[in-house]
2 protein chains.
Amino acid sequence: MRRIADSTVRRLSLYLRFLEESTNRGLVTISSDELARRGGTTSAQVRKDLSFFGSFGKRGLGYSVPELTESLREILGLRRDWQVIIVGAGKIGTALAQYRGFRQRGFRVTAVYDRDPKKIGTRWDALTVRDMAEIERDIQKEHPDIAVLTTPAEEAQVVVDRLVSAGMRALLNFAPIQLQVPPDVTLKNVNMAMELEGLSFALTNRDR
Amino acid sequence: MRRIADSTVRRLSLYLRFLEESTNRGLVTISSDELARRGGTTSAQVRKDLSFFGSFGKRGLGYSVPELTESLREILGLRRDWQVIIVGAGKIGTALAQYRGFRQRGFRVTAVYDRDPKKIGTRWDALTVRDMAEIERDIQKEHPDIAVLTTPAEEAQVVVDRLVSAGMRALLNFAPIQLQVPPDVTLKNVNMAMELEGLSFALTNRDR
DNA sequence: GGCGGCTTGTGAAATCATTCACAAGTTATC
DNA sequence: GATAACTTGTGAATGATTTCACAAGCCGCC
(Lines give C-alpha, C1' and ligand atoms only; values in the text may rest on other atoms or scores of the structure.)
Protein backbone atom coordinates (compact mmCIF):
# COMPACT_ATOMS: atom_id res chain seq x y z
CA MET A 1 0.00 0.00 0.00
CA ARG A 2 1.21 3.45 -0.95
CA ARG A 3 2.01 5.70 1.99
CA ILE A 4 -1.15 7.42 3.18
CA ALA A 5 -1.00 11.11 4.09
CA ASP A 6 -1.75 12.11 7.61
CA SER A 7 -4.38 14.54 6.40
CA THR A 8 -6.18 11.69 4.67
CA VAL A 9 -6.30 9.59 7.84
CA ARG A 10 -7.63 12.54 9.82
CA ARG A 11 -10.41 13.02 7.32
CA LEU A 12 -11.30 9.32 7.39
CA SER A 13 -11.81 9.73 11.10
CA LEU A 14 -14.17 12.63 10.46
CA TYR A 15 -16.11 10.71 7.85
CA LEU A 16 -16.52 7.85 10.28
CA ARG A 17 -17.89 10.20 12.90
CA PHE A 18 -20.44 11.56 10.46
CA LEU A 19 -21.40 8.08 9.30
CA GLU A 20 -22.09 7.04 12.89
CA GLU A 21 -24.34 10.04 13.22
CA SER A 22 -26.07 9.16 9.95
CA THR A 23 -26.72 5.64 11.22
CA ASN A 24 -28.42 7.09 14.27
CA ARG A 25 -30.62 9.16 12.03
CA GLY A 26 -31.56 6.06 10.08
CA LEU A 27 -29.89 6.95 6.78
CA VAL A 28 -29.10 4.01 4.55
CA THR A 29 -27.16 5.71 1.79
CA ILE A 30 -24.94 8.78 1.59
CA SER A 31 -23.15 10.64 -1.22
CA SER A 32 -19.59 11.94 -1.26
CA ASP A 33 -21.12 15.39 -1.48
CA GLU A 34 -22.98 15.06 1.81
CA LEU A 35 -19.95 13.55 3.49
CA ALA A 36 -17.90 16.46 2.18
CA ARG A 37 -20.24 19.20 3.33
CA ARG A 38 -20.17 17.83 6.82
CA GLY A 39 -16.44 17.29 6.89
CA GLY A 40 -15.68 20.74 5.54
CA THR A 41 -14.11 19.47 2.34
CA THR A 42 -15.07 18.68 -1.25
CA SER A 43 -16.71 15.63 -2.76
CA ALA A 44 -13.66 15.01 -4.94
CA GLN A 45 -11.51 14.94 -1.83
CA VAL A 46 -13.79 12.39 -0.18
CA ARG A 47 -13.70 10.11 -3.21
CA LYS A 48 -9.95 10.46 -3.55
CA ASP A 49 -9.42 9.68 0.13
CA LEU A 50 -11.49 6.52 -0.14
CA SER A 51 -9.93 5.51 -3.44
CA PHE A 52 -6.59 4.84 -1.72
CA PHE A 53 -8.23 1.89 0.00
CA GLY A 54 -10.63 0.51 -2.57
CA SER A 55 -13.94 1.39 -4.13
CA PHE A 56 -16.83 1.44 -1.74
CA GLY A 57 -19.61 3.28 -3.53
CA LYS A 58 -22.19 2.64 -6.19
CA ARG A 59 -22.26 5.05 -9.12
CA GLY A 60 -25.51 6.93 -9.29
CA LEU A 61 -26.35 6.02 -5.69
CA GLY A 62 -23.56 6.87 -3.27
CA TYR A 63 -22.28 4.81 -0.37
CA SER A 64 -24.12 2.36 1.85
CA VAL A 65 -23.89 3.85 5.34
CA PRO A 66 -23.38 0.56 7.20
CA GLU A 67 -20.93 -0.82 4.64
CA LEU A 68 -18.80 2.31 4.51
CA THR A 69 -18.85 2.54 8.31
CA GLU A 70 -17.57 -0.99 8.53
CA SER A 71 -14.90 -0.40 5.89
CA LEU A 72 -13.61 2.71 7.65
CA ARG A 73 -13.49 0.89 10.99
CA GLU A 74 -11.48 -1.83 9.29
CA ILE A 75 -9.10 0.65 7.62
CA LEU A 76 -8.54 2.62 10.82
CA GLY A 77 -7.93 -0.54 12.83
CA LEU A 78 -10.97 -0.04 15.03
CA ARG A 79 -12.38 -3.54 14.94
CA ARG A 80 -10.47 -4.32 18.11
CA ASP A 81 -10.04 -2.60 21.44
CA TRP A 82 -6.83 -0.77 22.27
CA GLN A 83 -5.31 -0.71 25.72
CA VAL A 84 -4.32 2.80 26.79
CA ILE A 85 -2.23 3.97 29.73
CA ILE A 86 -2.13 7.55 30.99
CA VAL A 87 1.14 8.87 32.31
CA GLY A 88 0.73 11.86 34.62
CA ALA A 89 -2.22 12.18 37.01
CA GLY A 90 -2.47 15.96 36.99
CA LYS A 91 -5.52 17.97 35.96
CA ILE A 92 -5.55 16.88 32.35
CA GLY A 93 -4.55 13.27 33.01
CA THR A 94 -7.30 12.89 35.57
CA ALA A 95 -9.89 14.42 33.27
CA LEU A 96 -8.88 12.10 30.44
CA ALA A 97 -8.90 9.02 32.66
CA GLN A 98 -12.52 9.69 33.52
CA TYR A 99 -13.58 10.70 30.03
CA ARG A 100 -16.22 8.30 28.71
CA GLY A 101 -15.62 8.96 25.03
CA PHE A 102 -12.46 6.87 24.98
CA ARG A 103 -14.13 3.73 26.16
CA GLN A 104 -17.00 4.23 23.76
CA ARG A 105 -14.60 4.28 20.83
CA GLY A 106 -12.70 1.19 21.93
CA PHE A 107 -9.83 2.85 23.75
CA ARG A 108 -9.75 1.29 27.21
CA VAL A 109 -7.76 3.14 29.84
CA THR A 110 -6.18 0.38 31.87
CA ALA A 111 -3.74 2.27 34.07
CA VAL A 112 -2.75 5.74 35.27
CA TYR A 113 0.74 6.57 36.54
CA ASP A 114 2.28 9.35 38.59
CA ARG A 115 5.40 9.74 40.66
CA ASP A 116 3.87 11.91 43.38
CA PRO A 117 3.44 9.74 46.52
CA LYS A 118 0.39 11.81 47.46
CA LYS A 119 -1.37 10.73 44.28
CA ILE A 120 -0.25 7.10 44.13
CA GLY A 121 -2.99 4.82 45.41
CA THR A 122 -5.89 7.22 44.91
CA ARG A 123 -8.78 5.72 43.00
CA TRP A 124 -11.48 6.78 40.60
CA ASP A 125 -13.95 4.24 39.36
CA ALA A 126 -12.01 1.07 38.66
CA LEU A 127 -8.66 2.83 38.29
CA THR A 128 -5.94 3.24 40.91
CA VAL A 129 -3.02 5.62 40.35
CA ARG A 130 0.13 3.50 40.12
CA ASP A 131 3.70 4.37 40.95
CA MET A 132 5.70 5.61 38.00
CA ALA A 133 8.56 3.42 39.23
CA GLU A 134 6.62 0.33 38.20
CA ILE A 135 5.80 1.42 34.68
CA GLU A 136 8.51 -0.57 32.86
CA ARG A 137 7.56 -3.75 34.65
CA ASP A 138 3.86 -3.19 33.97
CA ILE A 139 4.45 -2.48 30.27
CA GLN A 140 6.39 -5.69 29.89
CA LYS A 141 3.67 -7.60 31.69
CA GLU A 142 0.50 -5.98 30.34
CA HIS A 143 1.55 -4.80 26.87
CA PRO A 144 -0.51 -1.62 26.58
CA ASP A 145 -0.83 -0.34 23.01
CA ILE A 146 -0.93 3.42 23.46
CA ALA A 147 0.49 5.78 26.09
CA VAL A 148 -1.04 9.20 26.69
CA LEU A 149 1.45 11.69 28.13
CA THR A 150 0.15 14.32 30.49
CA THR A 151 3.27 15.06 32.53
CA PRO A 152 4.75 18.54 32.93
CA ALA A 153 6.74 19.62 29.85
CA GLU A 154 10.09 19.41 31.64
CA GLU A 155 9.68 15.73 32.42
CA ALA A 156 8.06 14.65 29.17
CA GLN A 157 11.19 13.74 27.18
CA VAL A 158 12.65 11.65 30.00
CA VAL A 159 9.37 9.81 30.41
CA VAL A 160 9.10 9.19 26.67
CA ASP A 161 12.58 7.70 26.57
CA ARG A 162 11.59 5.31 29.35
CA LEU A 163 8.33 4.36 27.65
CA VAL A 164 10.04 3.75 24.33
CA SER A 165 12.75 1.58 25.77
CA ALA A 166 10.13 -0.36 27.69
CA GLY A 167 8.49 -1.11 24.34
CA MET A 168 5.72 1.48 23.72
CA ARG A 169 5.28 2.23 20.03
CA ALA A 170 2.38 4.73 19.99
CA LEU A 171 2.25 7.94 22.00
CA LEU A 172 -0.20 10.79 22.36
CA ASN A 173 1.56 13.79 23.87
CA PHE A 174 -0.23 16.63 25.66
CA ALA A 175 2.89 18.41 26.90
CA PRO A 176 3.55 21.65 24.99
CA ILE A 177 6.91 20.47 23.67
CA GLN A 178 8.18 18.68 20.57
CA LEU A 179 9.33 15.24 21.64
CA GLN A 180 12.06 13.22 19.95
CA VAL A 181 11.25 9.58 19.20
CA PRO A 182 12.88 6.90 17.03
CA PRO A 183 11.32 6.37 13.59
CA ASP A 184 9.46 3.19 14.51
CA VAL A 185 7.46 5.01 17.18
CA THR A 186 4.34 6.93 16.19
CA LEU A 187 3.86 10.19 18.03
CA LYS A 188 0.82 12.47 17.88
CA ASN A 189 0.58 15.78 19.64
CA VAL A 190 -2.28 17.67 21.21
CA ASN A 191 -0.87 21.12 21.77
CA MET A 192 -3.35 23.61 23.15
CA ALA A 193 -0.77 26.36 23.45
CA MET A 194 -0.11 26.01 19.74
CA GLU A 195 -3.79 26.16 18.86
CA LEU A 196 -4.34 29.22 21.02
CA GLU A 197 -1.36 30.93 19.44
CA GLY A 198 -2.80 30.04 16.04
CA LEU A 199 -5.99 31.84 17.07
CA SER A 200 -3.96 34.77 18.33
CA PHE A 201 -2.21 34.94 14.97
CA ALA A 202 -5.50 34.79 13.09
CA LEU A 203 -7.09 37.51 15.24
CA THR A 204 -4.02 39.72 14.87
CA ASN A 205 -3.60 39.34 11.12
CA ARG A 206 -7.29 39.12 10.31
CA ASP A 207 -7.58 42.06 7.92
CA ARG A 208 -4.65 41.29 5.66
CA MET B 1 1.05 40.06 3.22
CA ARG B 2 0.76 36.79 1.33
CA ARG B 3 -1.50 34.22 2.97
CA ILE B 4 0.47 32.23 5.55
CA ALA B 5 0.02 28.46 5.72
CA ASP B 6 -1.34 26.96 8.88
CA SER B 7 1.63 24.64 9.09
CA THR B 8 3.96 27.64 9.11
CA VAL B 9 2.13 29.28 12.00
CA ARG B 10 2.23 26.05 13.98
CA ARG B 11 5.97 25.81 13.50
CA LEU B 12 6.47 29.44 14.54
CA SER B 13 4.78 28.51 17.78
CA LEU B 14 7.22 25.64 18.24
CA TYR B 15 10.22 27.83 17.50
CA LEU B 16 9.01 30.31 20.08
CA ARG B 17 8.75 27.57 22.67
CA PHE B 18 12.30 26.49 21.98
CA LEU B 19 13.57 30.06 22.05
CA GLU B 20 12.02 30.56 25.49
CA GLU B 21 13.83 27.46 26.66
CA SER B 22 17.08 28.75 25.12
CA THR B 23 16.69 32.03 26.98
CA ASN B 24 16.40 30.12 30.23
CA ARG B 25 19.60 28.31 29.41
CA GLY B 26 21.33 31.61 28.80
CA LEU B 27 21.88 31.25 25.05
CA VAL B 28 22.37 34.51 23.17
CA THR B 29 22.44 33.26 19.62
CA ILE B 30 20.92 30.32 17.76
CA SER B 31 21.17 28.94 14.22
CA SER B 32 18.35 27.79 11.97
CA ASP B 33 19.89 24.34 12.23
CA GLU B 34 19.52 24.14 16.01
CA LEU B 35 16.00 25.50 15.81
CA ALA B 36 15.22 22.87 13.18
CA ARG B 37 16.62 19.92 15.10
CA ARG B 38 14.48 20.79 18.05
CA GLY B 39 11.36 21.43 16.04
CA GLY B 40 11.72 18.23 14.04
CA THR B 41 12.18 20.00 10.74
CA THR B 42 14.98 21.26 8.49
CA SER B 43 17.04 24.42 8.63
CA ALA B 44 15.76 25.45 5.18
CA GLN B 45 12.22 25.15 6.49
CA VAL B 46 13.00 27.36 9.46
CA ARG B 47 14.54 30.04 7.26
CA LYS B 48 11.68 29.86 4.78
CA ASP B 49 9.10 30.14 7.55
CA LEU B 50 10.78 33.22 8.94
CA SER B 51 11.34 34.74 5.50
CA PHE B 52 7.59 35.26 5.08
CA PHE B 53 7.79 37.90 7.77
CA GLY B 54 11.15 39.54 7.26
CA SER B 55 14.80 38.78 7.79
CA PHE B 56 15.79 38.31 11.37
CA GLY B 57 19.20 36.65 11.28
CA LYS B 58 22.79 37.60 10.69
CA ARG B 59 24.65 35.63 8.04
CA GLY B 60 27.52 33.70 9.53
CA LEU B 61 26.10 34.05 13.03
CA GLY B 62 22.49 32.96 13.28
CA TYR B 63 19.65 34.61 15.17
CA SER B 64 19.75 36.67 18.35
CA VAL B 65 17.66 34.72 20.83
CA PRO B 66 16.00 37.73 22.49
CA GLU B 67 15.38 39.52 19.19
CA LEU B 68 13.88 36.52 17.45
CA THR B 69 11.77 35.77 20.51
CA GLU B 70 10.42 39.28 20.42
CA SER B 71 9.78 39.14 16.67
CA LEU B 72 7.88 35.87 16.94
CA ARG B 73 5.77 37.23 19.81
CA GLU B 74 4.96 40.19 17.64
CA ILE B 75 4.10 38.06 14.60
CA LEU B 76 1.91 35.70 16.62
CA GLY B 77 0.10 38.58 18.30
CA LEU B 78 1.35 37.67 21.75
CA ARG B 79 2.39 41.11 22.95
CA ARG B 80 -1.01 41.53 24.51
CA ASP B 81 -3.19 39.38 26.73
CA TRP B 82 -6.19 37.57 25.31
CA GLN B 83 -9.42 37.12 27.21
CA VAL B 84 -10.68 33.53 27.05
CA ILE B 85 -14.03 32.07 28.07
CA ILE B 86 -14.67 28.37 28.56
CA VAL B 87 -18.05 27.00 27.58
CA GLY B 88 -18.90 23.72 29.28
CA ALA B 89 -17.85 22.96 32.85
CA GLY B 90 -17.46 19.19 32.48
CA LYS B 91 -14.28 17.24 33.14
CA ILE B 92 -12.24 18.81 30.38
CA GLY B 93 -13.58 22.33 30.81
CA THR B 94 -12.82 22.24 34.51
CA ALA B 95 -9.31 20.93 33.94
CA LEU B 96 -8.64 23.66 31.39
CA ALA B 97 -10.02 26.40 33.60
CA GLN B 98 -7.52 25.48 36.27
CA TYR B 99 -4.60 24.93 33.92
CA ARG B 100 -1.79 27.36 34.69
CA GLY B 101 -0.15 27.22 31.27
CA PHE B 102 -2.81 29.43 29.71
CA ARG B 103 -2.26 32.32 32.03
CA GLN B 104 1.49 32.04 31.68
CA ARG B 105 1.22 32.48 27.92
CA GLY B 106 -1.11 35.45 28.15
CA PHE B 107 -4.43 33.67 27.75
CA ARG B 108 -6.55 34.76 30.72
CA VAL B 109 -9.60 32.65 31.46
CA THR B 110 -12.19 35.18 32.56
CA ALA B 111 -15.36 33.11 32.67
CA VAL B 112 -16.70 29.55 32.61
CA TYR B 113 -20.24 28.70 31.53
CA ASP B 114 -22.56 25.73 31.94
CA ARG B 115 -26.28 25.21 31.74
CA ASP B 116 -26.50 22.63 34.53
CA PRO B 117 -28.05 24.33 37.60
CA LYS B 118 -26.00 22.04 39.85
CA LYS B 119 -22.79 23.47 38.43
CA ILE B 120 -23.77 27.13 38.15
CA GLY B 121 -22.35 29.11 41.03
CA THR B 122 -19.61 26.67 42.00
CA ARG B 123 -16.19 28.28 42.32
CA TRP B 124 -12.56 27.44 41.77
CA ASP B 125 -9.95 30.03 42.52
CA ALA B 126 -11.28 33.33 41.28
CA LEU B 127 -13.73 31.78 38.83
CA THR B 128 -17.44 31.14 39.32
CA VAL B 129 -19.39 28.98 36.87
CA ARG B 130 -21.93 31.24 35.18
CA ASP B 131 -25.29 30.41 33.68
CA MET B 132 -25.17 29.66 29.96
CA ALA B 133 -28.31 31.79 29.61
CA GLU B 134 -26.28 34.90 30.30
CA ILE B 135 -23.55 34.26 27.80
CA GLU B 136 -24.79 36.57 25.03
CA ARG B 137 -25.20 39.46 27.46
CA ASP B 138 -21.75 38.84 28.94
CA ILE B 139 -20.10 38.65 25.54
CA GLN B 140 -21.58 41.98 24.53
CA LYS B 141 -20.48 43.51 27.80
CA GLU B 142 -17.04 41.96 28.31
CA HIS B 143 -15.85 41.30 24.74
CA PRO B 144 -13.88 38.11 25.28
CA ASP B 145 -11.51 37.30 22.41
CA ILE B 146 -11.53 33.51 22.33
CA ALA B 147 -14.08 30.88 23.34
CA VAL B 148 -13.02 27.35 24.24
CA LEU B 149 -15.77 24.79 23.65
CA THR B 150 -15.96 21.82 25.96
CA THR B 151 -19.63 20.94 25.71
CA PRO B 152 -20.91 17.50 24.70
CA ALA B 153 -20.72 16.94 20.94
CA GLU B 154 -24.50 17.04 20.48
CA GLU B 155 -24.77 20.56 21.83
CA ALA B 156 -21.63 22.00 20.29
CA GLN B 157 -23.08 23.30 17.01
CA VAL B 158 -26.00 25.04 18.72
CA VAL B 159 -23.64 26.68 21.19
CA VAL B 160 -21.31 27.79 18.40
CA ASP B 161 -24.15 29.42 16.52
CA ARG B 162 -25.05 31.36 19.67
CA LEU B 163 -21.45 32.40 20.28
CA VAL B 164 -20.96 33.52 16.69
CA SER B 165 -24.10 35.57 16.59
CA ALA B 166 -23.14 37.15 19.91
CA GLY B 167 -19.92 38.27 18.24
CA MET B 168 -17.20 35.69 18.99
CA ARG B 169 -14.67 35.41 16.16
CA ALA B 170 -12.16 32.82 17.46
CA LEU B 171 -13.08 29.36 18.73
CA LEU B 172 -11.16 26.40 20.06
CA ASN B 173 -13.32 23.30 19.86
CA PHE B 174 -12.77 20.17 21.97
CA ALA B 175 -15.95 18.37 20.92
CA PRO B 176 -15.24 15.46 18.57
CA ILE B 177 -17.27 16.94 15.74
CA GLN B 178 -16.60 19.18 12.76
CA LEU B 179 -18.33 22.50 13.41
CA GLN B 180 -19.69 24.83 10.75
CA VAL B 181 -18.76 28.50 11.09
CA PRO B 182 -18.95 31.50 8.75
CA PRO B 183 -15.73 32.43 6.93
CA ASP B 184 -14.87 35.37 9.16
CA VAL B 185 -14.70 33.12 12.23
CA THR B 186 -11.48 31.22 12.98
CA LEU B 187 -12.00 27.73 14.32
CA LYS B 188 -9.33 25.38 15.63
CA ASN B 189 -9.99 21.86 16.76
CA VAL B 190 -8.48 19.66 19.41
CA ASN B 191 -9.80 16.24 18.58
CA MET B 192 -8.47 13.47 20.78
CA ALA B 193 -10.65 10.82 19.15
CA MET B 194 -9.06 11.70 15.82
CA GLU B 195 -5.54 11.51 17.21
CA LEU B 196 -6.21 8.16 18.85
CA GLU B 197 -7.68 6.82 15.64
CA GLY B 198 -4.58 8.07 13.84
CA LEU B 199 -2.49 6.01 16.26
CA SER B 200 -4.76 3.02 15.72
CA PHE B 201 -4.26 3.38 11.97
CA ALA B 202 -0.49 3.64 12.36
CA LEU B 203 -0.33 0.58 14.63
CA THR B 204 -2.54 -1.42 12.29
CA ASN B 205 -0.74 -0.52 9.07
CA ARG B 206 2.74 -0.37 10.53
CA ASP B 207 4.43 -3.00 8.38
CA ARG B 208 3.32 -1.83 4.97
C1' DG C 1 -34.86 -1.72 -23.37
C1' DG C 2 -33.83 3.02 -23.91
C1' DC C 3 -33.41 7.56 -21.83
C1' DG C 4 -32.53 11.00 -18.20
C1' DG C 5 -30.70 12.10 -13.97
C1' DC C 6 -27.25 11.02 -10.61
C1' DT C 7 -22.93 9.82 -8.58
C1' DT C 8 -18.66 7.30 -8.44
C1' DG C 9 -13.65 6.51 -9.51
C1' DT C 10 -9.63 8.37 -11.43
C1' DG C 11 -6.06 10.27 -14.61
C1' DA C 12 -4.44 14.91 -15.56
C1' DA C 13 -3.84 19.66 -14.16
C1' DA C 14 -3.31 22.99 -10.81
C1' DT C 15 -2.03 24.47 -6.49
C1' DC C 16 0.54 24.37 -2.36
C1' DA C 17 4.55 23.09 0.63
C1' DT C 18 9.17 21.52 1.23
C1' DT C 19 13.86 20.92 -0.02
C1' DC C 20 17.93 22.16 -2.67
C1' DA C 21 21.70 24.81 -3.64
C1' DC C 22 24.27 28.73 -3.72
C1' DA C 23 25.44 33.82 -3.73
C1' DA C 24 26.08 37.08 -0.30
C1' DG C 25 27.08 38.67 4.26
C1' DT C 26 29.36 38.14 8.91
C1' DT C 27 32.99 37.06 12.24
C1' DA C 28 37.48 35.53 13.70
C1' DT C 29 42.23 35.05 12.89
C1' DC C 30 46.55 36.15 11.39
C1' DG D 1 42.99 43.56 4.79
C1' DA D 2 42.96 38.81 3.09
C1' DT D 3 41.42 34.27 4.11
C1' DA D 4 38.70 30.62 6.20
C1' DA D 5 34.72 29.04 8.37
C1' DC D 6 29.96 29.79 9.02
C1' DT D 7 25.18 30.79 8.27
C1' DT D 8 21.45 33.40 6.26
C1' DG D 9 17.92 34.48 2.63
C1' DT D 10 15.88 33.03 -1.49
C1' DG D 11 14.89 31.66 -6.36
C1' DA D 12 14.36 27.31 -8.63
C1' DA D 13 13.39 22.38 -8.44
C1' DT D 14 11.05 18.85 -6.49
C1' DG D 15 7.45 16.59 -4.15
C1' DA D 16 2.83 16.22 -2.14
C1' DT D 17 -1.93 17.26 -1.98
C1' DT D 18 -6.07 19.02 -3.81
C1' DT D 19 -9.12 20.10 -7.44
C1' DC D 20 -10.90 19.44 -12.09
C1' DA D 21 -13.35 17.16 -15.38
C1' DC D 22 -15.31 13.42 -17.47
C1' DA D 23 -16.11 8.48 -18.84
C1' DA D 24 -18.45 4.76 -16.85
C1' DG D 25 -21.96 2.67 -14.12
C1' DC D 26 -26.45 2.48 -11.70
C1' DC D 27 -31.49 3.40 -10.93
C1' DG D 28 -36.13 4.52 -12.03
C1' DC D 29 -39.48 5.42 -15.30
C1' DC D 30 -41.90 5.16 -19.41
# chains A, B, ... in the order shown; residues from 1 in each chain; ligands from 1
$ closest_atom_pairs --of "chain B" --to "chain D" --cutoff "8 Å" --atoms "only C-alpha atoms (C1' of nucleotides)" --output "tab-separated table"
residue	atom	partner	partner_atom	distance
B:Ser31	CA	D:DT7	C1'	7.4
B:Arg47	CA	D:DG9	C1'	7.3
B:Ser51	CA	D:DG9	C1'	7.2
B:Ser55	CA	D:DG9	C1'	7.4
B:Gly57	CA	D:DT8	C1'	6.4
B:Lys58	CA	D:DT8	C1'	6.2
B:Arg59	CA	D:DT8	C1'	4.3
B:Gly60	CA	D:DT7	C1'	3.9
B:Leu61	CA	D:DT7	C1'	5.8
B:Gly62	CA	D:DT7	C1'	6.1
$ select_by_dssp --residues "range 16-168 of chain A" --states "alpha helix (DSSP H)" --output "PyMOL selection string"
chain A and resi 16-24+32-39+43-51+65-76+91-98+100-104+135-142+153-165
$ interface_residues --of "chain C" --to "chain A" --cutoff "7 Å" --atoms "only C-alpha atoms (C1' of nucleotides)" --output "ChimeraX atom specification"
/C:6-8
$ select_by_dssp --residues "range 116-153 of chain B" --states "strand (DSSP E)" --output "list in words"
Arg123, Trp124, Leu127, Thr128, Val129, Arg130, Asp131, Ile146, Ala147, Val148 and Leu149 of chain B
$ write_last_selection --atoms "N, CA and C atoms" --output "PDB file, in the first residue's frame"
ATOM      1  N   ARG B 123     -17.381  27.455  42.525  1.00  0.00           N
ATOM      2  CA  ARG B 123     -16.191  28.283  42.321  1.00  0.00           C
ATOM      3  C   ARG B 123     -14.924  27.448  42.331  1.00  0.00           C
ATOM      4  N   TRP B 124     -13.938  27.844  41.533  1.00  0.00           N
ATOM      5  CA  TRP B 124     -12.558  27.441  41.766  1.00  0.00           C
ATOM      6  C   TRP B 124     -11.731  28.687  41.637  1.00  0.00           C
ATOM      7  N   LEU B 127     -12.719  31.980  39.864  1.00  0.00           N
ATOM      8  CA  LEU B 127     -13.729  31.784  38.827  1.00  0.00           C
ATOM      9  C   LEU B 127     -15.014  31.151  39.358  1.00  0.00           C
ATOM     10  N   THR B 128     -16.151  31.721  38.975  1.00  0.00           N
ATOM     11  CA  THR B 128     -17.436  31.137  39.316  1.00  0.00           C
ATOM     12  C   THR B 128     -18.108  30.655  38.038  1.00  0.00           C
ATOM     13  N   VAL B 129     -18.699  29.456  38.070  1.00  0.00           N
ATOM     14  CA  VAL B 129     -19.392  28.976  36.872  1.00  0.00           C
ATOM     15  C   VAL B 129     -20.656  29.803  36.664  1.00  0.00           C
ATOM     16  N   ARG B 130     -20.781  30.383  35.475  1.00  0.00           N
ATOM     17  CA  ARG B 130     -21.934  31.236  35.180  1.00  0.00           C
ATOM     18  C   ARG B 130     -22.984  30.464  34.392  1.00  0.00           C
ATOM     19  N   ASP B 131     -24.169  31.020  34.384  1.00  0.00           N
ATOM     20  CA  ASP B 131     -25.289  30.407  33.680  1.00  0.00           C
ATOM     21  C   ASP B 131     -25.157  30.664  32.180  1.00  0.00           C
ATOM     22  N   ILE B 146     -11.579  34.911  22.750  1.00  0.00           N
ATOM     23  CA  ILE B 146     -11.527  33.509  22.327  1.00  0.00           C
ATOM     24  C   ILE B 146     -12.471  32.694  23.196  1.00  0.00           C
ATOM     25  N   ALA B 147     -13.236  31.804  22.573  1.00  0.00           N
ATOM     26  CA  ALA B 147     -14.082  30.883  23.336  1.00  0.00           C
ATOM     27  C   ALA B 147     -13.581  29.461  23.155  1.00  0.00           C
ATOM     28  N   VAL B 148     -13.414  28.757  24.263  1.00  0.00           N
ATOM     29  CA  VAL B 148     -13.020  27.350  24.235  1.00  0.00           C
ATOM     30  C   VAL B 148     -14.264  26.517  24.479  1.00  0.00           C
ATOM     31  N   LEU B 149     -14.551  25.602  23.560  1.00  0.00           N
ATOM     32  CA  LEU B 149     -15.774  24.793  23.647  1.00  0.00           C
ATOM     33  C   LEU B 149     -15.527  23.428  24.219  1.00  0.00           C
TER      34      LEU B 149
END
$ closest_atom_pairs --of "chain B" --to "chain A" --cutoff "8 Å" --atoms "only C-alpha atoms" --output "tab-separated table"
residue	atom	partner	partner_atom	distance
B:Met1	CA	A:Arg208	CA	6.3
B:Asp6	CA	A:Gly198	CA	7.9
B:Val9	CA	A:Gly198	CA	6.4
B:Arg10	CA	A:Met194	CA	6.2
B:Ser13	CA	A:Met194	CA	5.8
B:Leu14	CA	A:Gln178	CA	7.4
B:Arg17	CA	A:Ile177	CA	7.4
B:Arg38	CA	A:Gln178	CA	7.1
B:Gly39	CA	A:Gln178	CA	6.2
B:Gly40	CA	A:Gln178	CA	7.4
B:Ile75	CA	A:Phe201	CA	7.0
B:Leu76	CA	A:Phe201	CA	4.5
B:Gly77	CA	A:Phe201	CA	5.4
B:Leu78	CA	A:Ser200	CA	7.0
B:Trp82	CA	A:Ser200	CA	7.8
B:Lys91	CA	A:Ala95	CA	5.2
B:Ile92	CA	A:Ala95	CA	5.8
B:Ala95	CA	A:Lys91	CA	5.2
B:Leu96	CA	A:Ile92	CA	7.5
B:Gln98	CA	A:Lys91	CA	7.8
B:Tyr99	CA	A:Lys91	CA	7.3
B:Gly101	CA	A:Ala193	CA	7.9
B:Phe102	CA	A:Ala193	CA	7.3
B:Arg105	CA	A:Ala193	CA	7.8
B:Ile146	CA	A:Leu199	CA	7.8
B:Arg169	CA	A:Leu203	CA	7.9
B:Ala170	CA	A:Leu199	CA	6.3
B:Leu171	CA	A:Leu199	CA	7.7
B:Leu172	CA	A:Leu196	CA	7.4
B:Ile177	CA	A:Arg17	CA	7.3
B:Gln178	CA	A:Gly39	CA	6.2
B:Gln180	CA	A:Gly40	CA	7.7
B:Thr186	CA	A:Leu199	CA	6.9
B:Leu187	CA	A:Leu199	CA	7.8
B:Lys188	CA	A:Glu195	CA	6.5
B:Asn189	CA	A:Glu195	CA	7.8
B:Val190	CA	A:Val190	CA	6.8
B:Met192	CA	A:Val190	CA	7.5
B:Ala193	CA	A:Phe102	CA	7.3
B:Met194	CA	A:Ser13	CA	5.8
B:Glu195	CA	A:Lys188	CA	6.5
B:Leu196	CA	A:Leu172	CA	7.4
B:Glu197	CA	A:Leu76	CA	6.4
B:Gly198	CA	A:Val9	CA	6.4
B:Leu199	CA	A:Ala170	CA	6.3
B:Ser200	CA	A:Gly77	CA	5.6
B:Phe201	CA	A:Leu76	CA	4.5
B:Ala202	CA	A:Thr186	CA	7.0
B:Leu203	CA	A:Ala170	CA	7.3
B:Thr204	CA	A:Gly77	CA	5.5
B:Arg208	CA	A:Met1	CA	6.3
$ atom_distance --atom1 "CA of Ile86 in chain B" --atom2 "CA of Met168 in chain B"
12.3 Å
$ atom_distance --atom1 "CA of Arg79 in chain A" --atom2 "CA of Asp138 in chain A"
25.0 Å
$ atom_distance --atom1 "CA of Gln104 in chain B" --atom2 "CA of Gln140 in chain B"
26.1 Å
